[in-house]
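Quick look at entry_25.cif (mmCIF, C-alpha atoms):
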```cif
data_start
#
loop_
_atom_site.label_atom_id
_atom_site.label_comp_id
_atom_site.auth_asym_id
_atom_site.auth_seq_id
_atom_site.Cartn_x
_atom_site.Cartn_y
_atom_site.Cartn_z
CA MET V 1 81.86 102.22 127.43
CA LYS V 2 83.44 105.70 127.67
CA LYS V 3 84.90 104.87 131.08
CA TYR V 4 86.30 101.62 129.73
CA ILE V 5 87.96 103.34 126.76
CA LEU V 6 89.41 106.04 129.02
CA LYS V 7 90.73 103.40 131.42
CA ARG V 8 92.39 101.48 128.59
CA LEU V 9 93.92 104.67 127.20
CA LEU V 10 95.39 105.47 130.62
CA LEU V 11 96.81 101.94 130.82
CA LEU V 12 98.73 102.67 127.62
CA ILE V 13 101.02 104.99 129.59
CA PRO V 14 102.68 102.39 131.90
CA VAL V 15 102.75 99.85 129.07
CA LEU V 16 104.61 102.20 126.74
CA ILE V 17 106.95 103.31 129.52
CA GLY V 18 107.79 99.67 130.21
CA VAL V 19 108.34 99.01 126.52
CA SER V 20 110.58 102.08 126.22
CA ILE V 21 112.77 100.91 129.12
CA LEU V 22 113.00 97.39 127.70
CA ILE V 23 113.91 98.65 124.24
CA PHE V 24 116.45 101.10 125.60
CA VAL V 25 118.25 98.45 127.67
CA ILE V 26 118.22 95.72 125.01
CA VAL V 27 119.53 98.05 122.30
CA ARG V 28 122.48 99.06 124.46
CA LEU V 29 123.29 95.48 125.40
CA THR V 30 123.70 94.46 121.77
CA PRO V 31 127.33 93.99 120.68
CA GLY V 32 128.99 96.70 118.63
CA ASP V 33 130.03 100.29 119.19
CA PRO V 34 127.77 102.76 117.35
CA ALA V 35 130.39 105.48 117.76
CA ARG V 36 132.94 103.33 115.93
CA ILE V 37 130.42 102.53 113.18
CA LEU V 38 129.48 106.19 112.83
CA ALA V 39 133.09 107.41 112.84
CA GLY V 40 134.24 104.83 110.33
CA GLU V 41 136.37 101.73 110.42
CA HIS V 42 139.69 103.60 110.01
CA ALA V 43 138.92 106.52 112.37
CA THR V 44 141.35 107.35 115.15
CA GLU V 45 140.49 106.72 118.80
CA GLU V 46 140.34 110.48 119.42
CA TYR V 47 137.76 110.94 116.68
CA VAL V 48 135.73 107.95 117.92
CA GLN V 49 135.73 109.40 121.45
CA ALA V 50 134.67 112.80 120.13
CA THR V 51 131.84 111.14 118.21
CA ARG V 52 130.79 109.26 121.34
CA GLU V 53 130.66 112.50 123.35
CA ARG V 54 128.80 114.33 120.59
CA TRP V 55 125.96 111.79 120.62
CA GLY V 56 125.93 111.40 124.40
CA LEU V 57 127.04 107.77 124.23
CA ASP V 58 129.70 108.33 126.91
CA LYS V 59 127.12 109.03 129.62
CA PRO V 60 125.74 106.34 131.98
CA MET V 61 122.78 104.38 130.65
CA TYR V 62 120.25 105.87 133.09
CA VAL V 63 121.33 109.40 132.12
CA GLN V 64 120.94 108.56 128.44
CA TYR V 65 117.46 107.17 129.11
CA TYR V 66 116.46 110.24 131.14
CA ILE V 67 117.54 112.56 128.33
CA TRP V 68 115.73 110.44 125.72
CA PHE V 69 112.56 110.13 127.82
CA LYS V 70 112.36 113.90 128.32
CA SER V 71 112.55 114.36 124.57
CA LEU V 72 109.98 111.59 124.13
CA LEU V 73 107.45 113.49 126.25
CA ARG V 74 107.75 116.37 123.78
CA GLY V 75 107.13 114.02 120.85
CA ASP V 76 110.80 114.09 119.89
CA LEU V 77 112.33 110.65 119.23
CA GLY V 78 115.74 112.13 118.54
CA ARG V 79 117.79 112.25 115.35
CA SER V 80 119.01 109.29 113.41
CA ILE V 81 122.73 108.68 113.87
CA THR V 82 123.17 107.64 110.23
CA THR V 83 120.93 110.12 108.38
CA HIS V 84 120.89 112.98 110.95
CA SER V 85 117.16 113.41 110.23
CA PRO V 86 114.45 113.49 112.94
CA VAL V 87 113.33 109.93 113.67
CA VAL V 88 109.67 111.05 113.85
CA GLU V 89 109.81 112.31 110.25
CA GLU V 90 111.47 109.14 109.01
CA ILE V 91 108.89 106.94 110.77
CA PHE V 92 105.94 108.85 109.32
CA ASN V 93 107.54 108.81 105.88
CA ARG V 94 107.94 105.04 106.03
CA PHE V 95 104.79 104.03 107.90
CA PRO V 96 102.31 104.53 105.00
CA ALA V 97 104.13 101.84 103.01
CA THR V 98 103.88 99.40 105.92
CA LEU V 99 100.24 100.34 106.56
CA GLU V 100 99.29 99.81 102.91
CA LEU V 101 100.99 96.42 102.79
CA SER V 102 99.42 95.35 106.11
CA LEU V 103 95.92 96.44 105.02
CA PHE V 104 96.08 94.50 101.76
CA ALA V 105 97.55 91.43 103.48
CA MET V 106 94.84 91.57 106.14
CA PHE V 107 92.13 92.03 103.50
CA LEU V 108 93.24 88.84 101.75
CA ALA V 109 93.52 87.01 105.06
CA ILE V 110 90.04 88.04 106.24
CA VAL V 111 88.19 87.34 102.98
CA ILE V 112 89.82 84.02 102.16
CA GLY V 113 90.19 82.88 105.77
CA ILE V 114 86.57 83.50 106.79
CA LEU V 115 85.14 81.99 103.59
CA ALA V 116 87.35 78.92 103.90
CA GLY V 117 86.42 78.52 107.57
CA ILE V 118 82.67 78.83 106.88
CA ILE V 119 82.72 76.34 104.00
CA SER V 120 84.83 73.90 106.04
CA ALA V 121 82.36 74.11 108.94
CA ILE V 122 79.34 73.59 106.67
CA ARG V 123 80.99 70.69 104.82
CA GLN V 124 82.75 69.13 107.79
CA TYR V 125 84.81 65.99 106.99
CA HIS V 126 84.40 66.53 103.25
CA PHE V 127 87.30 66.98 100.82
CA PHE V 128 87.31 70.79 101.02
CA ASP V 129 87.41 70.64 104.83
CA TYR V 130 90.47 68.38 104.86
CA PHE V 131 92.15 70.31 102.05
CA SER V 132 91.63 73.80 103.50
CA MET V 133 92.68 72.82 107.03
CA THR V 134 95.79 71.07 105.68
CA VAL V 135 96.70 74.19 103.72
CA ALA V 136 96.03 76.28 106.85
CA LEU V 137 98.38 74.05 108.86
CA PHE V 138 101.12 74.55 106.26
CA GLY V 139 100.37 78.29 106.26
CA ILE V 140 100.86 78.57 110.01
CA SER V 141 104.07 76.51 109.92
CA MET V 142 105.67 78.20 106.90
CA PRO V 143 108.35 80.86 107.57
CA VAL V 144 107.43 84.20 106.02
CA PHE V 145 110.84 84.81 104.48
CA TRP V 146 110.94 81.34 102.84
CA LEU V 147 107.45 81.79 101.37
CA GLY V 148 108.45 85.21 100.10
CA LEU V 149 111.53 83.81 98.37
CA MET V 150 109.50 80.99 96.79
CA LEU V 151 106.89 83.44 95.51
CA MET V 152 109.63 85.62 94.05
CA PHE V 153 111.22 82.62 92.33
CA VAL V 154 107.99 81.21 90.87
CA PHE V 155 106.04 84.33 89.90
CA GLY V 156 108.87 86.83 89.49
CA LEU V 157 111.74 84.83 87.95
CA TRP V 158 110.26 81.63 86.53
CA LEU V 159 106.89 82.85 85.20
CA ASP V 160 107.98 86.52 85.11
CA ILE V 161 104.44 87.86 85.58
CA LEU V 162 104.73 89.86 88.81
CA PRO V 163 107.27 92.38 90.15
CA ILE V 164 109.43 91.18 93.04
CA SER V 165 110.59 94.42 94.67
CA GLY V 166 109.57 98.01 95.33
CA ARG V 167 106.15 99.65 95.53
CA ILE V 168 105.70 100.96 91.99
CA ASN V 169 107.45 101.09 88.63
CA VAL V 170 110.06 103.84 88.94
CA MET V 171 109.23 105.08 85.45
CA ILE V 172 105.62 105.89 86.41
CA PRO V 173 105.13 109.33 88.02
CA LEU V 174 102.79 109.57 91.01
CA GLN V 175 101.81 112.57 93.10
CA ASN V 176 102.38 111.68 96.76
CA ILE V 177 99.38 112.85 98.84
CA THR V 178 98.82 110.31 101.62
CA GLY V 179 101.79 108.00 101.12
CA LEU V 180 99.39 105.17 100.27
CA TYR V 181 100.14 104.61 96.59
CA VAL V 182 96.86 102.87 95.75
CA LEU V 183 94.82 105.64 97.36
CA ASP V 184 96.97 108.37 95.82
CA SER V 185 96.54 106.75 92.40
CA ILE V 186 92.76 106.80 92.79
CA LEU V 187 92.70 110.38 94.09
CA THR V 188 94.78 111.61 91.14
CA LEU V 189 93.01 109.33 88.61
CA ASN V 190 96.40 107.89 87.69
CA PHE V 191 95.28 104.43 86.55
CA GLN V 192 98.70 103.47 85.25
CA ALA V 193 100.14 104.02 88.73
CA LEU V 194 97.15 102.20 90.25
CA GLY V 195 97.80 99.10 88.17
CA SER V 196 101.52 99.13 88.92
CA SER V 197 101.06 99.63 92.68
CA LEU V 198 98.49 96.81 92.85
CA LEU V 199 100.81 94.45 90.99
CA HIS V 200 103.66 95.27 93.35
CA LEU V 201 101.38 94.54 96.33
CA ILE V 202 100.36 91.02 95.30
CA LEU V 203 103.41 88.95 96.26
CA PRO V 204 104.32 90.69 99.55
CA SER V 205 100.65 90.72 100.59
CA ILE V 206 100.35 86.98 100.03
CA ALA V 207 103.58 86.30 101.93
CA LEU V 208 102.60 88.53 104.84
CA GLY V 209 98.94 87.46 104.97
CA THR V 210 99.41 83.68 104.82
CA ILE V 211 99.80 83.11 108.56
CA PRO V 212 96.83 85.36 109.56
CA MET V 213 94.78 83.74 106.80
CA ALA V 214 95.48 80.28 108.19
CA MET V 215 94.72 81.37 111.76
CA ILE V 216 91.44 83.04 110.76
CA ALA V 217 90.36 79.99 108.75
CA ARG V 218 90.95 77.59 111.63
CA ILE V 219 89.29 79.84 114.23
CA THR V 220 86.31 80.52 111.94
CA ARG V 221 85.77 76.81 111.36
CA SER V 222 85.97 76.01 115.07
CA SER V 223 83.67 78.87 116.07
CA MET V 224 81.13 78.15 113.32
CA LEU V 225 80.99 74.44 114.22
CA GLU V 226 80.16 75.37 117.79
CA ILE V 227 77.44 77.84 116.79
CA ILE V 228 75.66 75.81 114.09
CA ARG V 229 75.08 73.04 116.63
CA GLN V 230 73.19 75.39 118.93
CA ASP V 231 69.43 75.07 119.42
CA PHE V 232 68.62 78.53 118.03
CA ILE V 233 70.18 77.57 114.69
CA ARG V 234 67.97 74.50 114.53
CA THR V 235 65.01 76.76 115.32
CA GLU V 236 65.91 79.14 112.48
CA ARG V 237 66.13 76.25 110.06
CA ALA V 238 62.83 74.86 111.33
CA LYS V 239 61.21 78.21 110.51
CA GLY V 240 62.09 77.62 106.88
CA LEU V 241 64.71 80.37 106.56
CA PRO V 242 67.10 80.00 103.60
CA GLU V 243 70.35 78.26 104.54
CA ARG V 244 72.37 81.25 103.36
CA MET V 245 70.52 83.54 105.77
CA VAL V 246 70.91 81.07 108.63
CA ILE V 247 74.66 80.80 108.09
CA PHE V 248 75.63 84.40 107.32
CA LYS V 249 73.05 86.36 109.33
CA HIS V 250 72.62 84.25 112.44
CA ALA V 251 75.49 81.78 112.77
CA LEU V 252 78.33 83.99 111.57
CA LYS V 253 77.21 86.98 113.64
CA ASN V 254 77.35 84.92 116.83
CA ALA V 255 80.68 83.35 115.85
CA LEU V 256 82.45 86.68 115.26
CA ILE V 257 83.83 87.30 118.77
CA PRO V 258 86.78 84.86 118.59
CA ILE V 259 87.27 85.70 114.91
CA ILE V 260 87.60 89.42 115.65
CA THR V 261 90.00 88.63 118.49
CA VAL V 262 92.30 86.81 116.07
CA ILE V 263 91.93 89.51 113.41
CA GLY V 264 92.85 92.25 115.89
CA MET V 265 95.86 90.37 117.23
CA GLU V 266 97.08 89.33 113.80
CA PHE V 267 96.76 92.83 112.37
CA GLY V 268 98.87 94.19 115.20
CA LEU V 269 101.42 91.44 114.64
CA LEU V 270 101.47 92.17 110.90
CA LEU V 271 103.15 95.50 111.61
CA GLY V 272 105.98 93.65 113.33
CA GLY V 273 105.95 90.69 110.96
CA ALA V 274 106.31 93.08 108.03
CA ILE V 275 109.98 93.40 108.97
CA LEU V 276 110.88 90.12 107.24
CA THR V 277 108.52 90.63 104.32
CA GLU V 278 109.74 94.16 103.64
CA THR V 279 113.35 93.01 103.79
CA VAL V 280 112.78 90.16 101.31
CA PHE V 281 110.78 92.28 98.84
CA ALA V 282 112.81 95.50 99.30
CA TRP V 283 109.61 97.21 100.44
CA PRO V 284 110.48 100.73 101.70
CA GLY V 285 108.43 100.58 104.89
CA LEU V 286 108.92 100.82 108.62
CA GLY V 287 110.05 97.20 108.93
CA ARG V 288 112.93 97.63 106.52
CA TYR V 289 113.80 100.92 108.19
CA THR V 290 114.08 99.10 111.53
CA VAL V 291 116.33 96.41 110.04
CA ASP V 292 118.63 99.02 108.50
CA ALA V 293 118.76 100.82 111.85
CA VAL V 294 119.77 97.60 113.63
CA TYR V 295 122.57 96.95 111.15
CA ALA V 296 123.84 100.52 111.62
CA ARG V 297 123.47 100.43 115.46
CA ASP V 298 121.30 103.53 115.06
CA TYR V 299 119.97 103.74 118.64
CA PRO V 300 117.40 106.55 118.17
CA ALA V 301 115.98 104.96 115.01
CA ILE V 302 115.67 101.51 116.62
CA GLN V 303 114.07 102.88 119.79
CA GLY V 304 111.65 105.13 117.93
CA SER V 305 110.49 102.56 115.37
CA VAL V 306 110.00 99.72 117.87
CA LEU V 307 108.18 102.01 120.31
CA PHE V 308 105.90 103.21 117.50
CA ILE V 309 105.11 99.62 116.47
CA ALA V 310 104.33 98.74 120.10
CA PHE V 311 101.97 101.73 120.34
CA ILE V 312 100.12 100.69 117.18
CA PHE V 313 99.82 97.11 118.43
CA VAL V 314 98.29 98.20 121.77
CA LEU V 315 95.98 100.64 120.00
CA VAL V 316 94.72 97.93 117.62
CA ASN V 317 93.96 95.68 120.61
CA LEU V 318 91.96 98.51 122.20
CA ILE V 319 89.92 99.01 119.03
CA THR V 320 89.30 95.24 118.90
CA ASP V 321 87.96 95.21 122.46
CA VAL V 322 85.64 98.13 121.74
CA LEU V 323 84.23 96.33 118.68
CA TYR V 324 83.10 93.44 120.90
CA ALA V 325 80.29 95.50 122.45
CA TYR V 326 78.88 96.48 119.06
CA ILE V 327 78.92 92.93 117.75
CA ASN V 328 77.62 91.27 120.91
CA PRO V 329 75.51 93.63 123.12
CA ARG V 330 75.57 91.04 125.91
CA ILE V 331 79.17 92.03 126.65
CA ARG V 332 79.50 94.76 129.25
CA TYR V 333 82.71 96.41 130.33
CA HIS V 334 83.50 97.40 133.89
#
```
Could you quickly redo this structure as structure tokens?
Amino acid sequence: MKKYILKRLLLLIPVLIGVSILIFVIVRLTPGDPARILAGEHATEEYVQATRERWGLDKPMYVQYYIWFKSLLRGDLGRSITTHSPVVEEIFNRFPATLELSLFAMFLAIVIGILAGIISAIRQYHFFDYFSMTVALFGISMPVFWLGLMLMFVFGLWLDILPISGRINVMIPLQNITGLYVLDSILTLNFQALGSSLLHLILPSIALGTIPMAMIARITRSSMLEIIRQDFIRTERAKGLPERMVIFKHALKNALIPIITVIGMEFGLLLGGAILTETVFAWPGLGRYTVDAVYARDYPAIQGSVLFIAFIFVLVNLITDVLYAYINPRIRYH
């Protein structure tokens, strides 16, 4: 297991190098002159050229990449063109908001998705099975931004029972310890902030977690149907074990491998999918930061945020693979 983990960690290096090259090239092929944007619409050509030289945008692309990659090896992602702040600091200031939103969205997706999949498998071809799988199909097909707008309209504007933007009521003070508002509220025993932060999480978590929830429900149903038809399940039932124990202790445990695969992949994708959700709900996370950087042609910010998201995605996949061995000891890595 240790050799496998070390091997996968070493494989991260060429993957991230490839991602960095791809990001660097694509960003510079996008239309628009960042020097002109930075200098201002009415700036003279001399000032625009001076701005271009100041930020190294006049050098060949391979020279720019070499300079950026050397800084990257030192953990320096450069400075934002628009804010002049280190990109690393801005990413770590924004990432807790994205992480908190992703964790809550994934929690909803896992709990509801697995329960719906199990019940659908047990009651195959009954009303709940047809209903839940139909809802799951709509969930997979529904665009995140459209669902977010509908949730805002219904629960925020029409019923007026849930907030539609931000992370917390601006009038409620909260001591920032970890950047995770729910955790910080608990640590400081600030229950007013806890209630406000949880309310602000509901709508974006539902919008972001709908697609993973639908995927998990469908995979759980399929995997459970395959397992409950196995001979060992019939044997467990013949022994007189309670149906709840047969389903949750024996069937679900053996059906977890494909479920965990989907959970790991979807959680990694949530960090990228949060871009649309954070934009719709004005959530001050890494996704919205990336969108703002794209609009401003902020090369260092775009490169740093996308590379960081790619690293998290690969790391989540590694953790998912390692979990396989603990859930199913028959799996051996080479």
Looking at V:Lys2, V:Lys70, V:Arg36, V:Arg94, which one is nearest to Thr178 in chain V, with distances taken over only C-alpha atoms?
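Closest to Thr178 in chain V, using only C-alpha atoms: V:Arg94.
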Any idea what the distance is between CA of Gly264 in chain V and CA of Asn317 in chain V?
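The value is 5.9 Å.
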Got a sec: who's within 9 Å of Leu252 in chain V, counting only C-alpha atoms, leaving out chain neighbours fewer than 6 positions off, as JSON, numbers by chain?
{"V": [118, 220, 223, 224, 227, 228, 246]}
Export, as an mmCIF file, keeping the file's coordinate frame, the selected residues with C-alpha atoms.
```
data_model
loop_
_atom_site.group_PDB
_atom_site.id
_atom_site.type_symbol
_atom_site.label_atom_id
_atom_site.label_comp_id
_atom_site.auth_asym_id
_atom_site.auth_seq_id
_atom_site.Cartn_x
_atom_site.Cartn_y
_atom_site.Cartn_z
ATOM 1 C CA ILE V 118 82.670 78.830 106.880
ATOM 2 C CA THR V 220 86.310 80.520 111.940
ATOM 3 C CA SER V 223 83.670 78.870 116.070
ATOM 4 C CA MET V 224 81.130 78.150 113.320
ATOM 5 C CA ILE V 227 77.440 77.840 116.790
ATOM 6 C CA ILE V 228 75.660 75.810 114.090
ATOM 7 C CA VAL V 246 70.910 81.070 108.630
#
```
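Take CA of Ser205 in chain V and CA of Thr279 in chain V: the distance between them is 13.3 Å.
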Would you kindly return, as a ChimeraX atom specification, each protein, DNA or RNA residue with an atom no farther than 10 Å from any atom of Ala35 in chain V, considering all atoms listed in the file and excluding same-chain residues fewer than 4 positions away?
/V:39-40,47-58,81,297-298
Those residues with C-alpha atoms, as a PDB file, keeping the file's coordinate frame please?
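To be explicit, this is the file written out as result27.pdb:
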```
ATOM      1  CA  ALA V  39     133.090 107.410 112.840  1.00  0.00           C
ATOM      2  CA  GLY V  40     134.240 104.830 110.330  1.00  0.00           C
ATOM      3  CA  TYR V  47     137.760 110.940 116.680  1.00  0.00           C
ATOM      4  CA  VAL V  48     135.730 107.950 117.920  1.00  0.00           C
ATOM      5  CA  GLN V  49     135.730 109.400 121.450  1.00  0.00           C
ATOM      6  CA  ALA V  50     134.670 112.800 120.130  1.00  0.00           C
ATOM      7  CA  THR V  51     131.840 111.140 118.210  1.00  0.00           C
ATOM      8  CA  ARG V  52     130.790 109.260 121.340  1.00  0.00           C
ATOM      9  CA  GLU V  53     130.660 112.500 123.350  1.00  0.00           C
ATOM     10  CA  ARG V  54     128.800 114.330 120.590  1.00  0.00           C
ATOM     11  CA  TRP V  55     125.960 111.790 120.620  1.00  0.00           C
ATOM     12  CA  GLY V  56     125.930 111.400 124.400  1.00  0.00           C
ATOM     13  CA  LEU V  57     127.040 107.770 124.230  1.00  0.00           C
ATOM     14  CA  ASP V  58     129.700 108.330 126.910  1.00  0.00           C
ATOM     15  CA  ILE V  81     122.730 108.680 113.870  1.00  0.00           C
ATOM     16  CA  ARG V 297     123.470 100.430 115.460  1.00  0.00           C
ATOM     17  CA  ASP V 298     121.300 103.530 115.060  1.00  0.00           C
TER      18      ASP V 298
END
```
The PyMOL selection byres ((chain V and resi 107-110) around 9) applied to the shown file, residues as a short mmCIF file (atom, residue, chain, number, x, y, z; two decimals) with C-alpha atoms, in the frame of the given file:
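Printed below is expr_2.cif as written:
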```
data_model
loop_
_atom_site.label_atom_id
_atom_site.label_comp_id
_atom_site.auth_asym_id
_atom_site.auth_seq_id
_atom_site.Cartn_x
_atom_site.Cartn_y
_atom_site.Cartn_z
CA SER V 102 99.42 95.35 106.11
CA LEU V 103 95.92 96.44 105.02
CA PHE V 104 96.08 94.50 101.76
CA ALA V 105 97.55 91.43 103.48
CA MET V 106 94.84 91.57 106.14
CA VAL V 111 88.19 87.34 102.98
CA ILE V 112 89.82 84.02 102.16
CA GLY V 113 90.19 82.88 105.77
CA ILE V 114 86.57 83.50 106.79
CA LEU V 115 85.14 81.99 103.59
CA SER V 205 100.65 90.72 100.59
CA ILE V 206 100.35 86.98 100.03
CA GLY V 209 98.94 87.46 104.97
CA THR V 210 99.41 83.68 104.82
CA ILE V 211 99.80 83.11 108.56
CA PRO V 212 96.83 85.36 109.56
CA MET V 213 94.78 83.74 106.80
CA ALA V 214 95.48 80.28 108.19
CA MET V 215 94.72 81.37 111.76
CA ILE V 216 91.44 83.04 110.76
CA ALA V 217 90.36 79.99 108.75
CA ILE V 263 91.93 89.51 113.41
#
```
Could you tell me, as a PyMOL selection string, exactly which residues end up selected when the PyMOL selection byres ((chain V and resi 284) around 12) is applied to this structure?
chain V and resi 90-91+93-101+165-168+179+204+274-283+285-292
Give me range 19-48 of chain V with N, CA and C atoms filled in, as a PDB file, in the frame of the given file.
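Result file follows (out.pdb):
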```
ATOM      1  N   VAL V  19     107.764  99.381 127.815  1.00  0.00           N
ATOM      2  CA  VAL V  19     108.340  99.010 126.520  1.00  0.00           C
ATOM      3  C   VAL V  19     109.550  99.873 126.201  1.00  0.00           C
ATOM      4  N   SER V  20     109.457 101.165 126.507  1.00  0.00           N
ATOM      5  CA  SER V  20     110.580 102.080 126.220  1.00  0.00           C
ATOM      6  C   SER V  20     111.814 101.689 127.020  1.00  0.00           C
ATOM      7  N   ILE V  21     111.623 101.331 128.285  1.00  0.00           N
ATOM      8  CA  ILE V  21     112.770 100.910 129.120  1.00  0.00           C
ATOM      9  C   ILE V  21     113.374  99.631 128.568  1.00  0.00           C
ATOM     10  N   LEU V  22     112.514  98.673 128.221  1.00  0.00           N
ATOM     11  CA  LEU V  22     113.000  97.390 127.700  1.00  0.00           C
ATOM     12  C   LEU V  22     113.775  97.587 126.405  1.00  0.00           C
ATOM     13  N   ILE V  23     113.226  98.382 125.506  1.00  0.00           N
ATOM     14  CA  ILE V  23     113.910  98.650 124.240  1.00  0.00           C
ATOM     15  C   ILE V  23     115.251  99.318 124.479  1.00  0.00           C
ATOM     16  N   PHE V  24     115.242 100.326 125.345  1.00  0.00           N
ATOM     17  CA  PHE V  24     116.450 101.100 125.600  1.00  0.00           C
ATOM     18  C   PHE V  24     117.572 100.204 126.139  1.00  0.00           C
ATOM     19  N   VAL V  25     117.235  99.313 127.068  1.00  0.00           N
ATOM     20  CA  VAL V  25     118.250  98.450 127.670  1.00  0.00           C
ATOM     21  C   VAL V  25     118.749  97.415 126.670  1.00  0.00           C
ATOM     22  N   ILE V  26     117.815  96.768 125.946  1.00  0.00           N
ATOM     23  CA  ILE V  26     118.220  95.720 125.010  1.00  0.00           C
ATOM     24  C   ILE V  26     119.100  96.278 123.899  1.00  0.00           C
ATOM     25  N   VAL V  27     118.740  97.450 123.387  1.00  0.00           N
ATOM     26  CA  VAL V  27     119.530  98.050 122.300  1.00  0.00           C
ATOM     27  C   VAL V  27     120.960  98.301 122.753  1.00  0.00           C
ATOM     28  N   ARG V  28     121.131  98.748 123.984  1.00  0.00           N
ATOM     29  CA  ARG V  28     122.480  99.060 124.460  1.00  0.00           C
ATOM     30  C   ARG V  28     123.258  97.844 124.924  1.00  0.00           C
ATOM     31  N   LEU V  29     122.589  96.714 125.054  1.00  0.00           N
ATOM     32  CA  LEU V  29     123.290  95.480 125.400  1.00  0.00           C
ATOM     33  C   LEU V  29     123.738  94.709 124.172  1.00  0.00           C
ATOM     34  N   THR V  30     123.286  95.142 122.988  1.00  0.00           N
ATOM     35  CA  THR V  30     123.700  94.460 121.770  1.00  0.00           C
ATOM     36  C   THR V  30     125.173  94.757 121.486  1.00  0.00           C
ATOM     37  N   PRO V  31     125.905  93.762 120.960  1.00  0.00           N
ATOM     38  CA  PRO V  31     127.330  93.990 120.680  1.00  0.00           C
ATOM     39  C   PRO V  31     127.540  95.020 119.568  1.00  0.00           C
ATOM     40  N   GLY V  32     128.674  95.693 119.633  1.00  0.00           N
ATOM     41  CA  GLY V  32     128.990  96.700 118.630  1.00  0.00           C
ATOM     42  C   GLY V  32     129.008  98.094 119.210  1.00  0.00           C
ATOM     43  N   ASP V  33     129.895  98.914 118.726  1.00  0.00           N
ATOM     44  CA  ASP V  33     130.030 100.290 119.190  1.00  0.00           C
ATOM     45  C   ASP V  33     129.478 101.221 118.111  1.00  0.00           C
ATOM     46  N   PRO V  34     128.344 101.869 118.366  1.00  0.00           N
ATOM     47  CA  PRO V  34     127.770 102.760 117.350  1.00  0.00           C
ATOM     48  C   PRO V  34     128.682 103.935 117.022  1.00  0.00           C
ATOM     49  N   ALA V  35     129.463 104.373 118.013  1.00  0.00           N
ATOM     50  CA  ALA V  35     130.390 105.480 117.760  1.00  0.00           C
ATOM     51  C   ALA V  35     131.453 105.062 116.748  1.00  0.00           C
ATOM     52  N   ARG V  36     131.949 103.833 116.871  1.00  0.00           N
ATOM     53  CA  ARG V  36     132.940 103.330 115.930  1.00  0.00           C
ATOM     54  C   ARG V  36     132.332 103.189 114.539  1.00  0.00           C
ATOM     55  N   ILE V  37     131.091 102.692 114.474  1.00  0.00           N
ATOM     56  CA  ILE V  37     130.420 102.530 113.180  1.00  0.00           C
ATOM     57  C   ILE V  37     130.187 103.891 112.534  1.00  0.00           C
ATOM     58  N   LEU V  38     129.772 104.861 113.353  1.00  0.00           N
ATOM     59  CA  LEU V  38     129.480 106.190 112.830  1.00  0.00           C
ATOM     60  C   LEU V  38     130.759 106.901 112.386  1.00  0.00           C
ATOM     61  N   ALA V  39     131.836 106.729 113.155  1.00  0.00           N
ATOM     62  CA  ALA V  39     133.090 107.410 112.840  1.00  0.00           C
ATOM     63  C   ALA V  39     133.800 106.786 111.642  1.00  0.00           C
ATOM     64  N   GLY V  40     133.578 105.497 111.440  1.00  0.00           N
ATOM     65  CA  GLY V  40     134.240 104.830 110.330  1.00  0.00           C
ATOM     66  C   GLY V  40     135.259 103.825 110.827  1.00  0.00           C
ATOM     67  N   GLU V  41     135.499 102.829 110.019  1.00  0.00           N
ATOM     68  CA  GLU V  41     136.370 101.730 110.420  1.00  0.00           C
ATOM     69  C   GLU V  41     137.808 102.189 110.672  1.00  0.00           C
ATOM     70  N   HIS V  42     138.288 103.176 109.919  1.00  0.00           N
ATOM     71  CA  HIS V  42     139.690 103.600 110.010  1.00  0.00           C
ATOM     72  C   HIS V  42     139.860 104.885 110.817  1.00  0.00           C
ATOM     73  N   ALA V  43     138.831 105.289 111.570  1.00  0.00           N
ATOM     74  CA  ALA V  43     138.920 106.520 112.370  1.00  0.00           C
ATOM     75  C   ALA V  43     139.846 106.320 113.562  1.00  0.00           C
ATOM     76  N   THR V  44     140.472 107.406 113.988  1.00  0.00           N
ATOM     77  CA  THR V  44     141.350 107.350 115.150  1.00  0.00           C
ATOM     78  C   THR V  44     140.520 107.258 116.429  1.00  0.00           C
ATOM     79  N   GLU V  45     141.188 106.852 117.521  1.00  0.00           N
ATOM     80  CA  GLU V  45     140.490 106.720 118.800  1.00  0.00           C
ATOM     81  C   GLU V  45     139.998 108.084 119.289  1.00  0.00           C
ATOM     82  N   GLU V  46     140.762 109.135 119.004  1.00  0.00           N
ATOM     83  CA  GLU V  46     140.340 110.480 119.420  1.00  0.00           C
ATOM     84  C   GLU V  46     139.045 110.888 118.720  1.00  0.00           C
ATOM     85  N   TYR V  47     138.967 110.588 117.427  1.00  0.00           N
ATOM     86  CA  TYR V  47     137.760 110.940 116.680  1.00  0.00           C
ATOM     87  C   TYR V  47     136.572 110.102 117.141  1.00  0.00           C
ATOM     88  N   VAL V  48     136.811 108.818 117.437  1.00  0.00           N
ATOM     89  CA  VAL V  48     135.730 107.950 117.920  1.00  0.00           C
ATOM     90  C   VAL V  48     135.216 108.466 119.260  1.00  0.00           C
TER      91      VAL V  48
END
```
